[in-house]
2 protein chains.
Amino acid sequence: MENFVFYNPVKILFGKGQIAHISGEIPADAKILMTYGGGSIKTNGVYDQVKSALAGFDVTEFGGIEPNPHLETLLKAAEVVRSQGINFLLAVGGGSVVDGTKFIAAAVNFAGDPWDILAKQASIKTAIPFGAVLTLPATGSEMNPTSVITKGATQEKLYFASPLVFPRFSVLDPESTFSLPPRQISNGIVDAYTHVMEQYLTYPVNAPLQDRMAESILQTLIEEGPKTLANPQDYDARANVMWCATMALNGLIGAGVPQDWATHMIGHELTAVHGLDHAQTLAVVLPSTLSIRRDRKWQKLLQYAQRVWNLVDGSEEERITEAIAKTRNFFESVGVQTRLSDYGVGLDTIPVIIERFEKRGFVPLGEQQDVSLEVVEKILTLCA
Amino acid sequence: MENFVFYNPVKILFGKGQIAHISGEIPADAKILMTYGGGSIKTNGVYDQVKSALAGFDVTEFGGIEPNPHLETLLKAAEVVRSQGINFLLAVGGGSVVDGTKFIAAAVNFAGDPWDILAKQASIKTAIPFGAVLTLPATGSEMNPTSVITKGATQEKLYFASPLVFPRFSVLDPESTFSLPPRQISNGIVDAYTHVMEQYLTYPVNAPLQDRMAESILQTLIEEGPKTLANPQDYDARANVMWCATMALNGLIGAGVPQDWATHMIGHELTAVHGLDHAQTLAVVLPSTLSIRRDRKWQKLLQYAQRVWNLVDGSEEERITEAIAKTRNFFESVGVQTRLSDYGVGLDTIPVIIERFEKRGFVPLGEQQDVSLEVVEKILTLCA
């Protein structure tokens, strides 16, 4: 096992009716900015539940945070915070709203150009405290200190992380997700699954508990994912998928083990250039990443094949090939296509993406920093 | 899945050499009380590492915190804190030192008789901040807000819990445990294993991720426990057992599921009356608890039999009986005896323990509050 530091102070309020308890988690004299997205919370009852829970608080609203939240939008929100003396943020929505709110929290008092927080990884000294009411199980942002933001003007999609942007609390009420479109649930399952794979499918470092916990999440997603798609009102299935998505990226399964994240880095470019959903890019890139890099991931691929997919017969090569195929089939079975061609993207995207990487100053990706631009090209070619 | 609140802000510094980093986790102007036990830290190098890391800080020492830490000892420490204006505590030791330090932290500014914190579950309003350097993997106290304290005068062993007594940080350096006597490692394995069982072996609530994470810890303890006993200098084996012990009782596997704890409640009495090690009492009581209460735990016992012990043949009854036998054998295989007679305790202890429970006002134990004193008697009888 590798040395690690683990710290995650997010308070999770999980279950039916928990939105009603948020007032106890917010300072009584808070002046709140409630952030949200396209307004689905106004039709599914969440908006009313939140407003009711915040009765007595001074609440300003800021809606319209888009998927892959835009720097330009968030800077407007930061200006509202400053001009109105707001001292607490409440994100109500999915990962994009939570990520966006983290950036607002960091940008408000940042001295300098807030884009540097992303582009130059400039460290932040303070952040406005905030909580979250999660309405979409997927990104894990509700229990981590990471945020991914897109600059609309240039379609650059970059991330930042800081312990200052851990949510103070996050409410996870599975019922508040019942009305989501199937596509968002499908995406959430693939997103969570890939988050686990980025932290698990690397090389062995003798960390059996971390391995088994990662496999636990994968197995549960394989088991519960189809159930929650087939019956969106099945509380337990939705609750199990929701908790899996949070546990997939709260730092725990990644503590003390190598991490990859090449699939995410390549996927971000596909979203930036072609507008694919984040999870769609992961479903496309992950199987190809595993195929192209199988030699470096050999032992963990064999373990994955056996423990997650019960593949014990055949040669090592055959089991690995089959495990990758099963991964692809799982993504497709939960409704997310896995080929660039499924999204109308041709291989002419490859030089565009390579050039984008080069322009920003490319550092080789992956758990062993051996994913060069040549390897990226091979991976993308296999995604056709 | 049941509703739950999960909150755990303890910062974990895990691995070789991490003791050197504690100065960065303590306020620069802290006046520190360093608490420890019988002095083994002075022979295994931990004392020197800690003192070296604290160079420049104002450090007072308080040694002599005993196993099953005594109220009387801890009140003396609280007096030192008060009289010397100490504002940070650093526990250096095993679970007893960490538990004791939690109590010191809570007792210092408690208005009234500090024994009420335990005996009357009086709520505390403040606690002195503290960190921990763990030298014995076992209790999980390093990452939870719970403390078990013994009143020496009456041999009452009671617990309290408060979010105010989460350690600010805990250092887990497996190397600092290499010199522990085998008995303490054996005890730690049984303690951690039983912590998991108290949260896992109840009844199903459709929480498959929590189940699998619990099974992950059990399987890892079964695999790594014998390795670390056979070769105490095997860093990875010790690291894996150490992380299992922490994960066994940091609130995560118990979130959203029923919990039992009857084995612990009965075990505490055996320690109080007969002085058995905490883990020895668990090794004695757990197999009998599972046997006597098998009807109420039937489904989870079957799942445990299959997933943890690979028992799939035979009748349900046979698989359950075999799983309980394997649990007992595992405890004995790691060096902890499982019968009262192994410790020279006769069945004449039963009326003594029943009377102790009655005197304190007995509330039925277990995940369904159906472990009456009659059931306690049956369990203890089977422990012979």
# chains A, B, ... in the order shown; residues from 1 in each chain; ligands from 1

$ residues_around --residues "A:Thr281" --least-positions-apart "4" --cutoff "12 Å" --atoms "only C-alpha atoms" --output "short mmCIF file (atom, residue, chain, number, x, y, z; two decimals) with N, CA, C and O atoms, in the first residue's frame"
data_model
loop_
_atom_site.label_atom_id
_atom_site.label_comp_id
_atom_site.auth_asym_id
_atom_site.auth_seq_id
_atom_site.Cartn_x
_atom_site.Cartn_y
_atom_site.Cartn_z
N ASN A 187 -26.31 7.84 -17.66
CA ASN A 187 -25.03 8.55 -17.58
C ASN A 187 -24.42 8.44 -16.18
O ASN A 187 -23.22 8.25 -16.03
N VAL A 190 -22.74 5.07 -15.59
CA VAL A 190 -21.46 4.96 -16.32
C VAL A 190 -20.41 5.86 -15.68
O VAL A 190 -19.24 5.47 -15.55
N ASP A 191 -20.82 7.04 -15.26
CA ASP A 191 -19.88 7.97 -14.63
C ASP A 191 -19.30 7.36 -13.35
O ASP A 191 -18.08 7.31 -13.16
N THR A 194 -16.99 4.39 -14.05
CA THR A 194 -15.69 4.80 -14.58
C THR A 194 -14.83 5.46 -13.50
O THR A 194 -13.62 5.27 -13.47
N ALA A 262 -6.68 8.85 -17.19
CA ALA A 262 -6.45 9.16 -18.61
C ALA A 262 -7.78 9.18 -19.37
O ALA A 262 -8.00 10.03 -20.24
N THR A 263 -8.67 8.23 -19.04
CA THR A 263 -9.96 8.19 -19.73
C THR A 263 -10.71 9.51 -19.54
O THR A 263 -11.29 10.05 -20.49
N HIS A 264 -10.69 10.04 -18.32
CA HIS A 264 -11.36 11.33 -18.09
C HIS A 264 -10.72 12.46 -18.88
O HIS A 264 -11.41 13.32 -19.44
N MET A 265 -9.39 12.48 -18.89
CA MET A 265 -8.70 13.59 -19.56
C MET A 265 -9.01 13.58 -21.07
O MET A 265 -9.23 14.63 -21.67
N ILE A 266 -9.06 12.40 -21.64
CA ILE A 266 -9.39 12.30 -23.08
C ILE A 266 -10.88 12.61 -23.29
O ILE A 266 -11.26 13.34 -24.20
N GLY A 267 -11.69 12.08 -22.38
CA GLY A 267 -13.13 12.32 -22.49
C GLY A 267 -13.50 13.79 -22.42
O GLY A 267 -14.38 14.26 -23.14
N HIS A 268 -12.82 14.53 -21.53
CA HIS A 268 -13.12 15.97 -21.42
C HIS A 268 -12.97 16.67 -22.77
O HIS A 268 -13.73 17.59 -23.09
N GLU A 269 -12.00 16.23 -23.55
CA GLU A 269 -11.79 16.88 -24.86
C GLU A 269 -12.97 16.58 -25.79
O GLU A 269 -13.39 17.44 -26.57
N LEU A 270 -13.48 15.36 -25.73
CA LEU A 270 -14.62 15.01 -26.59
C LEU A 270 -15.86 15.83 -26.22
O LEU A 270 -16.63 16.23 -27.09
N THR A 271 -16.04 16.08 -24.93
CA THR A 271 -17.15 16.95 -24.53
C THR A 271 -16.91 18.38 -25.02
O THR A 271 -17.81 19.01 -25.58
N ALA A 272 -15.70 18.86 -24.82
CA ALA A 272 -15.40 20.24 -25.17
C ALA A 272 -15.57 20.47 -26.68
O ALA A 272 -16.13 21.47 -27.11
N VAL A 273 -15.10 19.51 -27.48
CA VAL A 273 -15.11 19.72 -28.93
C VAL A 273 -16.46 19.35 -29.55
O VAL A 273 -16.94 20.02 -30.45
N HIS A 274 -17.07 18.25 -29.05
CA HIS A 274 -18.26 17.74 -29.73
C HIS A 274 -19.54 17.80 -28.91
O HIS A 274 -20.60 17.41 -29.39
N GLY A 275 -19.42 18.24 -27.66
CA GLY A 275 -20.62 18.38 -26.84
C GLY A 275 -21.22 17.07 -26.34
O GLY A 275 -22.36 17.06 -25.88
N LEU A 276 -20.46 15.98 -26.41
CA LEU A 276 -20.98 14.73 -25.85
C LEU A 276 -21.19 14.89 -24.35
O LEU A 276 -20.45 15.62 -23.68
N ASP A 277 -22.19 14.16 -23.81
CA ASP A 277 -22.32 14.11 -22.35
C ASP A 277 -21.03 13.54 -21.76
O ASP A 277 -20.40 12.66 -22.37
N VAL A 285 -14.40 5.98 -24.26
CA VAL A 285 -12.94 5.94 -24.11
C VAL A 285 -12.46 4.80 -23.22
O VAL A 285 -11.41 4.19 -23.47
N LEU A 286 -13.22 4.47 -22.16
CA LEU A 286 -12.71 3.48 -21.20
C LEU A 286 -12.39 2.12 -21.84
O LEU A 286 -11.29 1.59 -21.64
N PRO A 287 -13.32 1.52 -22.60
CA PRO A 287 -12.99 0.20 -23.17
C PRO A 287 -11.73 0.24 -24.05
O PRO A 287 -10.90 -0.68 -24.00
N SER A 288 -11.57 1.31 -24.79
CA SER A 288 -10.39 1.42 -25.65
C SER A 288 -9.12 1.63 -24.83
O SER A 288 -8.06 1.09 -25.14
N THR A 289 -9.22 2.43 -23.78
CA THR A 289 -8.08 2.63 -22.88
C THR A 289 -7.62 1.29 -22.30
O THR A 289 -6.43 0.98 -22.28
N PHE A 331 -22.12 -0.94 -20.27
CA PHE A 331 -22.44 0.46 -20.59
C PHE A 331 -23.60 0.52 -21.59
O PHE A 331 -24.54 1.30 -21.43
N VAL A 336 -25.97 3.55 -22.71
CA VAL A 336 -24.97 4.53 -23.15
C VAL A 336 -24.12 3.88 -24.25
O VAL A 336 -23.47 2.86 -24.01
N GLN A 337 -24.14 4.46 -25.43
CA GLN A 337 -23.38 3.91 -26.56
C GLN A 337 -21.89 4.11 -26.35
O GLN A 337 -21.48 5.04 -25.66
N THR A 338 -21.09 3.25 -27.00
CA THR A 338 -19.67 3.20 -26.67
C THR A 338 -18.73 3.44 -27.85
O THR A 338 -17.53 3.17 -27.77
N ARG A 339 -19.29 3.92 -28.98
CA ARG A 339 -18.45 4.17 -30.15
C ARG A 339 -18.57 5.63 -30.58
O ARG A 339 -19.67 6.20 -30.55
N LEU A 340 -17.49 6.21 -31.01
CA LEU A 340 -17.54 7.58 -31.52
C LEU A 340 -18.58 7.70 -32.63
O LEU A 340 -19.32 8.69 -32.71
N SER A 341 -18.65 6.66 -33.46
CA SER A 341 -19.59 6.70 -34.60
C SER A 341 -21.04 6.77 -34.12
O SER A 341 -21.90 7.32 -34.81
N ASP A 342 -21.31 6.22 -32.92
CA ASP A 342 -22.68 6.32 -32.38
C ASP A 342 -23.09 7.77 -32.15
O ASP A 342 -24.28 8.07 -32.05
N TYR A 343 -22.11 8.62 -32.01
CA TYR A 343 -22.39 10.04 -31.74
C TYR A 343 -22.06 10.92 -32.94
O TYR A 343 -21.98 12.15 -32.81
N VAL A 345 -19.27 11.18 -34.49
CA VAL A 345 -17.93 11.78 -34.44
C VAL A 345 -16.97 10.89 -35.25
O VAL A 345 -16.91 9.68 -35.02
N LEU A 380 -7.93 6.69 -29.20
CA LEU A 380 -9.04 7.34 -29.93
C LEU A 380 -9.34 6.60 -31.23
O LEU A 380 -10.50 6.49 -31.64
N CYS A 383 -11.60 3.88 -30.67
CA CYS A 383 -12.95 4.32 -30.26
C CYS A 383 -13.90 4.46 -31.45
O CYS A 383 -15.09 4.75 -31.25
#

$ interface_residues --of "chain B" --to "chain A" --cutoff "7 Å" --atoms "only C-alpha atoms" --output "number ranges by chain"
B: 1, 3-16, 206-209, 212-213, 216-217, 220, 236, 240

$ residues_around --residues "A:Ile324" --least-positions-apart "3" --cutoff "10 Å" --atoms "only C-alpha atoms" --output "count of residues only"
19

$ atom_distance --atom1 "atom CA of A:Ile26" --atom2 "atom CA of A:Pro174"
21.7 Å

$ atom_distance --atom1 "atom CA of A:Asn144" --atom2 "atom CA of A:Phe166"
5.7 Å

$ residues_around --residues "A:Gly39" --least-positions-apart "2" --cutoff "10 Å" --atoms "only C-alpha atoms" --output "list in words"
Tyr36, Gly37, Ile41, Lys42, Thr43, Asn44, Tyr47, Gly63, Gly64, Ile65 and Gly93 of chain A

$ residues_around --residues "B:Ala230" --least-positions-apart "3" --cutoff "12 Å" --atoms "only C-alpha atoms" --output "list in words"
Phe178, Pro182, Ile185, Ser186, Glu223, Glu224, Gly225, Pro226, Lys227, Gln233, Asp234, Ala237, Arg238, Ser333, Val334 and Gly335 of chain B

$ write_last_selection --atoms "C-alpha atoms" --output "PDB file, in the first residue's frame"
ATOM      1  CA  PHE B 178       6.037  -3.862  14.387  1.00  0.00           C
ATOM      2  CA  PRO B 182       1.592 -10.965  19.260  1.00  0.00           C
ATOM      3  CA  ILE B 185      -2.100  -8.009  17.256  1.00  0.00           C
ATOM      4  CA  SER B 186      -4.275 -11.088  17.775  1.00  0.00           C
ATOM      5  CA  GLU B 223      -6.380 -13.143   4.554  1.00  0.00           C
ATOM      6  CA  GLU B 224      -3.958 -10.647   6.091  1.00  0.00           C
ATOM      7  CA  GLY B 225      -4.373 -11.427   9.800  1.00  0.00           C
ATOM      8  CA  PRO B 226      -2.412 -14.693   9.763  1.00  0.00           C
ATOM      9  CA  LYS B 227       0.249 -13.089   7.543  1.00  0.00           C
ATOM     10  CA  GLN B 233       7.768  -6.991   9.854  1.00  0.00           C
ATOM     11  CA  ASP B 234       5.724  -7.539   6.667  1.00  0.00           C
ATOM     12  CA  ALA B 237       0.251  -7.176   5.781  1.00  0.00           C
ATOM     13  CA  ARG B 238       0.424  -4.910   8.835  1.00  0.00           C
ATOM     14  CA  SER B 333      -6.239 -19.571  14.618  1.00  0.00           C
ATOM     15  CA  VAL B 334      -5.095 -16.007  15.233  1.00  0.00           C
ATOM     16  CA  GLY B 335      -4.422 -16.857  18.856  1.00  0.00           C
TER      17      GLY B 335
END

$ atom_distance --atom1 "atom CA of B:Ala132" --atom2 "atom CA of B:Val98"
6.7 Å
